[in-house]
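**Student:** For reference, the file data22.cif (mmCIF, C-alpha atoms) is included below:
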data_protein
loop_
_atom_site.label_atom_id
_atom_site.label_comp_id
_atom_site.auth_asym_id
_atom_site.auth_seq_id
_atom_site.Cartn_x
_atom_site.Cartn_y
_atom_site.Cartn_z
CA MET A 1 75.70 227.74 157.43
CA LYS A 2 73.57 226.51 154.53
CA ALA A 3 70.52 228.39 153.30
CA PHE A 4 68.09 228.62 150.40
CA LEU A 5 66.78 231.73 148.70
CA ALA A 6 63.18 230.93 147.74
CA VAL A 7 62.01 232.61 144.54
CA ASN A 8 59.08 232.16 142.21
CA HIS A 9 59.56 229.53 139.51
CA PHE A 10 57.41 231.40 137.00
CA LEU A 11 58.50 235.00 137.61
CA LYS A 12 61.57 235.87 135.57
CA SER A 13 62.90 239.31 134.67
CA GLU A 14 66.13 241.29 134.73
CA LYS A 15 64.83 243.20 137.74
CA PHE A 16 64.39 240.05 139.82
CA ASP A 17 67.62 238.48 138.55
CA GLU A 18 69.52 241.55 139.76
CA LEU A 19 67.90 241.28 143.19
CA HIS A 20 68.54 237.56 143.55
CA THR A 21 72.18 237.90 142.48
CA HIS A 22 72.68 240.67 145.02
CA ILE A 23 71.21 238.57 147.83
CA ILE A 24 73.40 235.56 146.98
CA LYS A 25 76.55 237.71 146.89
CA SER A 26 75.63 239.31 150.20
CA ALA A 27 75.09 235.90 151.78
CA LYS A 28 78.50 234.73 150.61
CA LYS A 29 80.15 237.75 152.23
CA MET A 30 78.41 236.79 155.48
CA GLY A 31 79.78 233.24 155.27
CA ILE A 32 76.42 231.75 154.28
CA ASP A 33 76.30 229.09 151.57
CA MET A 34 73.06 230.13 149.87
CA GLN A 35 71.47 228.52 146.83
CA ILE A 36 68.53 229.76 144.80
CA LYS A 37 65.55 227.39 144.91
CA THR A 38 62.24 228.05 143.19
CA ASN A 39 58.94 227.37 144.88
CA GLN A 40 58.40 224.48 142.47
CA GLU A 41 61.76 222.96 143.37
CA LEU A 42 61.05 223.35 147.08
CA VAL A 43 57.82 221.38 146.79
CA PHE A 44 59.83 218.31 145.76
CA SER A 45 62.99 218.94 147.78
CA ASP A 46 63.82 216.86 150.86
CA GLU A 47 66.89 218.95 151.73
CA LYS A 48 66.90 220.73 155.07
CA PRO A 49 68.98 223.92 155.12
CA ASP A 50 69.59 225.97 158.25
CA PHE A 51 67.05 228.49 157.02
CA VAL A 52 65.16 229.71 153.97
CA LEU A 53 65.04 233.36 152.97
CA PHE A 54 61.59 233.41 151.38
CA TRP A 55 61.58 236.15 148.73
CA ASP A 56 58.25 235.15 147.24
CA LYS A 57 54.57 235.18 148.19
CA ASP A 58 53.79 231.49 147.84
CA VAL A 59 52.43 231.16 151.35
CA ASN A 60 51.51 227.50 150.97
CA VAL A 61 55.06 226.51 150.05
CA ALA A 62 56.40 228.61 152.93
CA ARG A 63 54.05 226.74 155.28
CA LEU A 64 55.12 223.42 153.75
CA LEU A 65 58.74 224.23 154.62
CA GLU A 66 57.75 225.16 158.16
CA LYS A 67 55.94 221.82 158.45
CA ARG A 68 59.31 220.25 157.63
CA ASP A 69 60.78 222.12 160.63
CA ILE A 70 62.71 224.57 158.46
CA GLN A 71 63.07 228.15 159.68
CA VAL A 72 61.55 230.53 157.13
CA PHE A 73 62.17 234.30 157.03
CA ASN A 74 59.81 236.01 156.91
CA SER A 75 57.41 233.46 158.32
CA ALA A 76 54.53 232.08 156.28
CA SER A 77 52.00 233.78 158.54
CA SER A 78 53.71 237.16 158.18
CA ILE A 79 53.93 236.83 154.39
CA ALA A 80 50.23 235.94 154.27
CA LEU A 81 49.28 239.00 156.31
CA CYS A 82 51.32 241.34 154.11
CA ASP A 83 50.35 239.80 150.78
CA ASP A 84 46.61 240.33 151.29
CA LYS A 85 45.84 244.03 151.79
CA ALA A 86 42.60 243.21 153.59
CA LYS A 87 44.45 240.97 156.04
CA THR A 88 47.07 243.68 156.55
CA TYR A 89 44.38 246.23 157.31
CA LEU A 90 42.61 243.95 159.79
CA ALA A 91 45.83 242.93 161.56
CA LEU A 92 46.82 246.58 162.01
CA LYS A 93 43.33 247.95 162.75
CA ASP A 94 43.18 249.76 166.11
CA PHE A 95 46.93 249.20 166.47
CA VAL A 96 48.41 251.76 164.07
CA PRO A 97 46.65 254.57 162.15
CA GLN A 98 45.60 253.67 158.59
CA PRO A 99 43.49 255.44 155.98
CA GLU A 100 39.81 254.70 156.56
CA THR A 101 39.14 251.43 154.75
CA ILE A 102 36.11 249.36 153.75
CA ILE A 103 36.64 245.74 152.75
CA ALA A 104 34.38 244.43 150.00
CA PRO A 105 32.13 241.56 151.12
CA LEU A 106 32.93 238.19 149.60
CA ALA A 107 30.91 237.00 146.62
CA PHE A 108 31.15 233.59 144.97
CA SER A 109 30.08 234.69 141.51
CA ASP A 110 29.82 237.75 139.31
CA VAL A 111 27.47 239.98 141.31
CA ASP A 112 26.24 243.57 141.29
CA TYR A 113 28.22 245.59 143.83
CA SER A 114 26.31 248.82 143.11
CA ASP A 115 24.72 249.10 146.56
CA PHE A 116 28.00 248.38 148.32
CA VAL A 117 29.85 250.95 146.19
CA SER A 118 27.19 253.60 146.87
CA LEU A 119 27.40 253.06 150.62
CA ALA A 120 31.21 253.05 150.58
CA ALA A 121 31.44 256.19 148.44
CA GLU A 122 29.02 257.98 150.77
CA LYS A 123 31.15 257.04 153.78
CA LEU A 124 34.62 257.58 152.31
CA GLY A 125 33.86 260.37 149.85
CA LEU A 126 35.08 260.73 146.30
CA PRO A 127 37.63 260.36 144.91
CA LEU A 128 38.60 257.19 146.73
CA VAL A 129 41.26 254.54 146.22
CA PHE A 130 40.34 251.13 144.82
CA LYS A 131 42.78 248.31 145.64
CA GLU A 132 42.70 244.68 144.69
CA CYS A 133 43.77 242.75 147.76
CA PHE A 134 46.66 241.11 145.93
CA GLY A 135 49.24 242.98 143.87
CA SER A 136 52.68 244.60 143.95
CA PHE A 137 54.45 247.70 142.63
CA GLY A 138 51.21 249.74 142.74
CA GLU A 139 49.47 247.46 140.27
CA GLN A 140 45.70 247.01 140.56
CA VAL A 141 45.45 250.26 142.54
CA TYR A 142 43.26 253.02 141.10
CA LEU A 143 42.07 256.48 142.06
CA CYS A 144 38.34 256.56 141.31
CA ASN A 145 36.37 259.76 140.86
CA SER A 146 32.94 258.20 140.42
CA LYS A 147 30.88 255.15 141.38
CA SER A 148 30.90 253.95 137.78
CA GLU A 149 34.68 254.11 137.76
CA ILE A 150 34.84 252.00 140.91
CA LEU A 151 32.48 249.43 139.42
CA SER A 152 34.57 249.24 136.24
CA HIS A 153 37.53 247.85 138.22
CA ILE A 154 35.60 245.07 139.96
CA ASN A 155 36.52 241.80 138.27
CA GLY A 156 35.67 239.03 140.70
CA LYS A 157 38.88 239.39 142.70
CA PRO A 158 38.91 240.47 146.38
CA PHE A 159 39.19 244.23 146.81
CA LEU A 160 38.89 247.07 149.27
CA LEU A 161 38.12 250.77 149.09
CA GLN A 162 40.17 253.36 150.93
CA LYS A 163 39.87 257.03 151.76
CA PHE A 164 42.08 259.16 149.52
CA ILE A 165 44.67 261.08 151.53
CA LYS A 166 44.87 264.16 149.32
CA ASP A 167 47.76 265.75 151.23
CA SER A 168 50.01 262.82 150.31
CA GLU A 169 49.01 262.49 146.66
CA GLY A 170 51.92 260.98 144.75
CA GLU A 171 54.12 260.96 147.81
CA ASP A 172 55.04 258.57 150.61
CA VAL A 173 57.90 257.45 152.82
CA ARG A 174 59.32 253.92 152.69
CA ILE A 175 60.95 252.84 155.94
CA GLU A 176 62.90 249.59 156.11
CA ILE A 177 62.75 247.86 159.48
CA VAL A 178 65.19 245.06 160.31
CA GLY A 179 65.15 243.37 163.70
CA GLY A 180 62.87 246.07 165.06
CA LYS A 181 65.17 248.91 164.02
CA CYS A 182 64.90 251.51 161.28
CA VAL A 183 67.91 250.90 159.03
CA ALA A 184 67.08 253.00 155.96
CA ALA A 185 64.38 255.25 154.54
CA MET A 186 63.53 257.11 151.36
CA LYS A 187 60.90 259.60 150.30
CA ARG A 188 59.20 258.83 146.99
CA THR A 189 57.47 261.43 144.84
CA ASN A 190 55.49 261.07 141.64
CA LYS A 191 54.26 264.24 139.94
CA ASN A 192 52.33 262.33 137.28
CA ASP A 193 50.52 259.67 139.33
CA PHE A 194 48.84 259.48 142.72
CA ARG A 195 50.85 256.31 143.38
CA SER A 196 54.42 256.80 144.59
CA ASN A 197 55.90 253.50 143.44
CA ILE A 198 59.22 253.89 141.61
CA THR A 199 57.97 251.34 139.08
CA ASN A 200 55.25 253.83 138.15
CA GLY A 201 57.70 256.65 137.52
CA ALA A 202 58.31 258.09 140.98
CA THR A 203 61.65 259.55 141.98
CA ALA A 204 63.15 259.03 145.41
CA VAL A 205 65.63 260.68 147.75
CA PRO A 206 67.20 259.61 151.05
CA TYR A 207 65.00 260.53 153.98
CA SER A 208 65.44 260.98 157.72
CA PRO A 209 62.14 259.78 159.23
CA THR A 210 60.63 261.40 162.27
CA THR A 211 60.42 259.59 165.57
CA ASP A 212 56.69 259.12 165.03
CA GLU A 213 57.20 257.65 161.56
CA ILE A 214 59.79 255.21 162.85
CA ARG A 215 57.48 254.17 165.67
CA LEU A 216 54.65 253.58 163.20
CA ALA A 217 56.86 251.36 161.05
CA GLN A 218 58.24 249.46 164.03
CA ASN A 219 54.79 248.83 165.48
CA ALA A 220 53.44 247.66 162.13
CA CYS A 221 56.28 245.17 161.63
CA LYS A 222 55.99 243.93 165.19
CA ARG A 223 52.24 243.41 164.85
CA LEU A 224 52.72 241.48 161.61
CA GLY A 225 55.54 239.36 163.05
CA LEU A 226 58.13 240.51 160.52
CA THR A 227 61.84 239.96 161.01
CA PHE A 228 62.31 242.57 158.29
CA GLY A 229 59.90 244.65 156.25
CA GLY A 230 59.33 247.79 154.23
CA VAL A 231 56.59 250.08 155.54
CA ASP A 232 54.93 252.77 153.42
CA ILE A 233 53.72 255.80 155.36
CA LEU A 234 51.42 258.54 154.08
CA GLY A 235 51.51 262.09 155.37
CA GLY A 236 53.70 261.13 158.29
CA GLU A 237 50.78 259.54 160.13
CA TYR A 238 49.15 256.66 158.23
CA VAL A 239 50.50 253.19 157.47
CA CYS A 240 49.50 252.51 153.88
CA GLU A 241 51.08 249.13 153.13
CA VAL A 242 53.67 246.75 154.55
CA ASN A 243 55.97 244.66 152.39
CA SER A 244 57.35 241.36 153.65
CA ASN A 245 59.96 241.28 150.86
CA ALA A 246 60.38 244.83 149.60
CA HIS A 247 62.53 245.47 146.52
CA ILE A 248 65.67 246.51 148.41
CA ILE A 249 67.68 247.35 145.27
CA ASN A 250 65.69 250.58 144.86
CA LEU A 251 66.44 251.45 148.47
CA LEU A 252 70.14 250.70 147.92
CA ASN A 253 70.29 252.82 144.77
CA VAL A 254 68.62 255.77 146.49
CA THR A 255 70.24 255.70 149.93
CA GLY A 256 73.46 253.80 149.37
CA ILE A 257 72.46 251.54 152.27
CA ASP A 258 72.57 247.80 151.68
CA VAL A 259 70.14 246.23 154.13
CA MET A 260 70.94 242.60 153.21
CA PRO A 261 73.89 242.19 155.62
CA MET A 262 71.64 243.52 158.38
CA ILE A 263 68.90 241.06 157.44
CA PHE A 264 71.34 238.14 157.46
CA GLU A 265 72.85 239.25 160.77
CA THR A 266 69.40 239.43 162.34
CA ILE A 267 68.45 235.99 161.01
CA ILE A 268 71.70 234.45 162.30
CA ASN A 269 71.08 235.96 165.75
CA GLU A 270 67.54 234.57 165.78
CA LEU A 271 68.84 231.11 164.91
CA LEU A 272 71.45 231.08 167.69
#
Kindly present the structure from the file in structure tokens form.
**Tutor:**
Amino acid sequence: MKAFLAVNHFLKSEKFDELHTHIIKSAKKMGIDMQIKTNQELVFSDEKPDFVLFWDKDVNVARLLEKRDIQVFNSASSIALCDDKAKTYLALKDFVPQPETIIAPLAFSDVDYSDFVSLAAEKLGLPLVFKECFGSFGEQVYLCNSKSEILSHINGKPFLLQKFIKDSEGEDVRIEIVGGKCVAAMKRTNKNDFRSNITNGATAVPYSPTTDEIRLAQNACKRLGLTFGGVDILGGEYVCEVNSNAHIINLLNVTGIDVMPMIFETIINELL
């Protein structure tokens, strides 16, 4: 079986190199001949592998591959829903519990959002969480204690405002779902930041999720059409974010569980 690992042409670091090397080695052990291809290379490629493991967020290139009748995991539509936090919220709204969220209305130029921020702050209360709709590793996410602080983060990019779940400050649970099953989980804690991302200094330990937490993660992945995904849960009851290509090396280091063979096995079964 021949496959491509799709990565970003312009995103290079030791952290990503380690991840990509791990995925390639795991594929080889599963009998899969996998080559790394960047999104730029895939634009010009006319090769047709059995599938593409799309470990990037370039939705347009993922859709281009699908137009060429290539199976992409996760699908372009699922990546798009997970990449945009507003789209994630809307897809999961009334399906799984989420922190109360208000999506900023679209503006086509630099505008004054003061009225919107006042209304949102009145509804959600302060402090509240400001999130740009696009971003990873907890970047572009801020805890705001005042309206002026909220306004200071608005920079013309799409954003949303979210109720701050005080009881889960600096703490969440990451559950990895593969083929509809919970295969690994860790609890992340950050004593110096309200965000629980390991990149921001959080520590993590293996975690045995409750039945309710597993059900939340399963339902979220199912709703978003994910073959595999990492689901962040706050306070045991709210889905915070869903990752279409979570950084599984952190999960491996914390739990000792390598989810890549499970991902490949699930993909192979879907292709049969």
**Student:** Please evaluate the PyMOL selection byres ((chain A and resi 19) around 12) against the displayed coordinates and give the resulting residues as a PyMOL selection string.
**Tutor:** chain A and resi 5+7+12-18+20-26+36+55+245-253+258+260
**Student:** For C-alpha atoms, I'd like the residues from the last selection saved as a compact mmCIF listing (two decimals), in the frame of the given file.
**Tutor:**
# COMPACT_ATOMS: atom_id res chain seq x y z
CA LEU A 5 66.78 231.73 148.70
CA VAL A 7 62.01 232.61 144.54
CA LYS A 12 61.57 235.87 135.57
CA SER A 13 62.90 239.31 134.67
CA GLU A 14 66.13 241.29 134.73
CA LYS A 15 64.83 243.20 137.74
CA PHE A 16 64.39 240.05 139.82
CA ASP A 17 67.62 238.48 138.55
CA GLU A 18 69.52 241.55 139.76
CA HIS A 20 68.54 237.56 143.55
CA THR A 21 72.18 237.90 142.48
CA HIS A 22 72.68 240.67 145.02
CA ILE A 23 71.21 238.57 147.83
CA ILE A 24 73.40 235.56 146.98
CA LYS A 25 76.55 237.71 146.89
CA SER A 26 75.63 239.31 150.20
CA ILE A 36 68.53 229.76 144.80
CA TRP A 55 61.58 236.15 148.73
CA ASN A 245 59.96 241.28 150.86
CA ALA A 246 60.38 244.83 149.60
CA HIS A 247 62.53 245.47 146.52
CA ILE A 248 65.67 246.51 148.41
CA ILE A 249 67.68 247.35 145.27
CA ASN A 250 65.69 250.58 144.86
CA LEU A 251 66.44 251.45 148.47
CA LEU A 252 70.14 250.70 147.92
CA ASN A 253 70.29 252.82 144.77
CA ASP A 258 72.57 247.80 151.68
CA MET A 260 70.94 242.60 153.21
**Student:** How many Å lie between CA of Asn60 in chain A and CA of Glu132 in chain A, rounded to one decimal?
**Tutor:** 20.3 Å
**Student:** Give the answer as one residue: which of A:Glu241, A:Glu100, A:Glu270, A:Asp58 has the shortest atom-to-atom distance to Ser77 in chain A, using all atoms listed in the file?
**Tutor:**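 Closest to Ser77 in chain A of all the choices is A:Asp58.
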**Student:** Hey, what comes out of the PyMOL selection byres ((chain A and resi 40-47) around 9) on this file? Could you write it as a list in words?
**Tutor:**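 Applied to this file, the PyMOL selection byres ((chain A and resi 40-47) around 9) returns Ala6, Asn8, His9, Phe10, Lys37, Thr38, Asn39, Lys48, Pro49, Val61, Leu64, Leu65 and Arg68 of chain A.
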**Student:** How would you write, as a PyMOL selection string, the residues chosen by the PyMOL selection byres ((chain A and resi 178-181) around 7) on this structure?
**Tutor:** chain A and resi 176-177+182-183+218+227-229+262-263+266
**Student:** Would you list the contacts of Tyr89 in chain A as a PyMOL selection string, taking every protein, DNA or RNA residue within 10 Å and counting all atoms listed in the file, but skipping same-chain residues closer than 2 positions in sequence?
**Tutor:** chain A and resi 81-82+84-87+91-103+160+239-242
**Student:** Could you tell me how far CA of Asp232 in chain A lies from CA of Ser75 in chain A, in Å and to one decimal?
**Tutor:** 20.1 Å
**Student:** How many Å separate CA of Leu128 in chain A from CA of Glu171 in chain A?
**Tutor:**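 Computing it gives 16.0 Å between the two atoms.
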**Student:** Counting all atoms listed in the file, which residue out of A:Ile70, A:Leu226, A:Ile175, A:Val254 sits closest to Phe51 in chain A?
**Tutor:**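 Comparing A:Ile70, A:Leu226, A:Ile175, A:Val254 against Phe51 in chain A, the winner is A:Ile70.
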**Student:** List as JSON, numbers by chain the protein and nucleic acid residues near Ser136 in chain A, meaning an atom at most 9 Å away when all atoms listed in the file are counted, but skip any in the same chain fewer than 3 places from it.
**Tutor:** {"A": [83, 139, 140]}
**Student:** Nearest to Pro206 in chain A among A:Ile257, A:Met30, A:Val231, A:Cys221, with distances taken over all atoms listed in the file: which residue is it?
**Tutor:**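 Looking at the shortest contact to Pro206 in chain A, the residue is A:Ile257.
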**Student:** Applying 12 Å and all atoms listed in the file, which residues near Val117 in chain A remain after dropping the ones on its own chain fewer than 2 positions away? List them as a PyMOL selection string.
**Tutor:** chain A and resi 102-105+112-115+119-126+128-130+144+146-154+159-162
**Student:** Could you check which of A:Thr210, A:Phe73, A:Arg174, A:Leu11 is closest to Phe264 in chain A, using only C-alpha atoms?
**Tutor:**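 The answer is A:Phe73, which sits nearest to Phe264 in chain A.
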**Student:** Got a sec: who's within 6 Å of Val52 in chain A, counting only C-alpha atoms, leaving out chain neighbours fewer than 5 positions off, as a list of chain:residue names?
**Tutor:**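 So, after excluding close chain neighbours, the residues are A:Ala3, A:Phe4, A:Leu5, A:Val72.
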**Student:** Can you tell me, as number ranges by chain, what residues are no more than 10 Å from Asn200 in chain A when counting only C-alpha atoms, ignoring any on the same chain fewer than 4 positions away?
**Tutor:** A: 137-139, 190, 192-196
**Student:** Next, the residues of the selection above should be written as a PDB file, in the coordinates of the input with C-alpha atoms.
**Tutor:**
ATOM      1  CA  PHE A 137      54.450 247.700 142.630  1.00  0.00           C
ATOM      2  CA  GLY A 138      51.210 249.740 142.740  1.00  0.00           C
ATOM      3  CA  GLU A 139      49.470 247.460 140.270  1.00  0.00           C
ATOM      4  CA  ASN A 190      55.490 261.070 141.640  1.00  0.00           C
ATOM      5  CA  ASN A 192      52.330 262.330 137.280  1.00  0.00           C
ATOM      6  CA  ASP A 193      50.520 259.670 139.330  1.00  0.00           C
ATOM      7  CA  PHE A 194      48.840 259.480 142.720  1.00  0.00           C
ATOM      8  CA  ARG A 195      50.850 256.310 143.380  1.00  0.00           C
ATOM      9  CA  SER A 196      54.420 256.800 144.590  1.00  0.00           C
TER      10      SER A 196
END
**Student:** Point out the residue among A:Gly230, A:Asn145, A:Thr88, A:Lys157 with the least atom-to-atom distance to Phe108 in chain A, counting all atoms listed in the file.
**Tutor:**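 Among A:Gly230, A:Asn145, A:Thr88, A:Lys157, it is A:Lys157 that comes nearest to Phe108 in chain A.
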**Student:** Would you fill out range 28-39 of chain A with all heavy atoms and return it as a compact mmCIF listing (two decimals), in the coordinates of the input?
**Tutor:**
# COMPACT_ATOMS: atom_id res chain seq x y z
N LYS A 28 77.14 235.26 150.68
CA LYS A 28 78.50 234.73 150.61
C LYS A 28 79.45 235.55 151.46
O LYS A 28 80.31 234.99 152.17
CB LYS A 28 78.98 234.71 149.16
CG LYS A 28 80.34 234.05 148.96
CD LYS A 28 80.70 233.98 147.48
CE LYS A 28 82.05 233.28 147.29
NZ LYS A 28 82.41 233.18 145.85
N LYS A 29 79.30 236.88 151.42
CA LYS A 29 80.15 237.75 152.23
C LYS A 29 79.92 237.53 153.72
O LYS A 29 80.82 237.77 154.54
CB LYS A 29 79.87 239.21 151.88
CG LYS A 29 80.35 239.63 150.50
CD LYS A 29 80.00 241.08 150.22
CE LYS A 29 80.45 241.49 148.81
NZ LYS A 29 80.08 242.91 148.51
N MET A 30 78.73 237.06 154.07
CA MET A 30 78.41 236.79 155.48
C MET A 30 78.77 235.36 155.88
O MET A 30 78.46 234.94 157.00
CB MET A 30 76.91 237.03 155.72
CG MET A 30 76.45 238.45 155.48
SD MET A 30 77.05 239.63 156.71
CE MET A 30 76.17 239.08 158.17
N GLY A 31 79.39 234.61 154.96
CA GLY A 31 79.78 233.24 155.27
C GLY A 31 78.64 232.25 155.18
O GLY A 31 78.70 231.16 155.75
N ILE A 32 77.60 232.61 154.43
CA ILE A 32 76.42 231.75 154.28
C ILE A 32 76.45 231.12 152.89
O ILE A 32 76.56 231.81 151.89
CB ILE A 32 75.12 232.55 154.46
CG1 ILE A 32 75.07 233.20 155.84
CG2 ILE A 32 73.90 231.65 154.24
CD1 ILE A 32 73.94 234.20 156.01
N ASP A 33 76.37 229.81 152.84
CA ASP A 33 76.30 229.09 151.57
C ASP A 33 74.83 229.06 151.14
O ASP A 33 74.06 228.22 151.59
CB ASP A 33 76.84 227.67 151.74
CG ASP A 33 76.74 226.84 150.46
OD1 ASP A 33 76.52 227.44 149.39
OD2 ASP A 33 76.86 225.60 150.55
N MET A 34 74.46 229.98 150.27
CA MET A 34 73.06 230.13 149.87
C MET A 34 72.86 229.73 148.42
O MET A 34 73.61 230.15 147.54
CB MET A 34 72.58 231.56 150.11
CG MET A 34 71.16 231.85 149.64
SD MET A 34 70.52 233.45 150.23
CE MET A 34 69.90 232.96 151.85
N GLN A 35 71.83 228.94 148.18
CA GLN A 35 71.47 228.52 146.83
C GLN A 35 70.06 229.01 146.50
O GLN A 35 69.20 229.05 147.38
CB GLN A 35 71.49 227.00 146.71
CG GLN A 35 72.84 226.36 147.02
CD GLN A 35 72.74 224.84 146.99
OE1 GLN A 35 71.79 224.28 146.45
NE2 GLN A 35 73.73 224.18 147.57
N ILE A 36 69.86 229.37 145.25
CA ILE A 36 68.53 229.76 144.80
C ILE A 36 67.70 228.50 144.55
O ILE A 36 68.13 227.57 143.88
CB ILE A 36 68.59 230.60 143.51
CG1 ILE A 36 69.27 231.94 143.80
CG2 ILE A 36 67.18 230.83 142.95
CD1 ILE A 36 69.42 232.82 142.58
N LYS A 37 66.51 228.48 145.13
CA LYS A 37 65.55 227.39 144.91
C LYS A 37 64.20 228.01 144.57
O LYS A 37 63.73 228.90 145.28
CB LYS A 37 65.41 226.51 146.16
CG LYS A 37 66.67 225.76 146.55
CD LYS A 37 66.92 224.56 145.65
CE LYS A 37 68.10 223.74 146.14
NZ LYS A 37 68.33 222.54 145.30
N THR A 38 63.57 227.53 143.52
CA THR A 38 62.24 228.05 143.19
C THR A 38 61.19 227.36 144.05
O THR A 38 61.44 226.29 144.62
CB THR A 38 61.91 227.84 141.71
OG1 THR A 38 61.68 226.44 141.47
CG2 THR A 38 63.02 228.35 140.81
N ASN A 39 60.01 227.99 144.10
CA ASN A 39 58.94 227.37 144.88
C ASN A 39 58.57 226.00 144.35
O ASN A 39 58.23 225.09 145.11
CB ASN A 39 57.72 228.30 144.94
CG ASN A 39 57.23 228.77 143.59
OD1 ASN A 39 57.96 228.77 142.60
ND2 ASN A 39 55.97 229.20 143.53
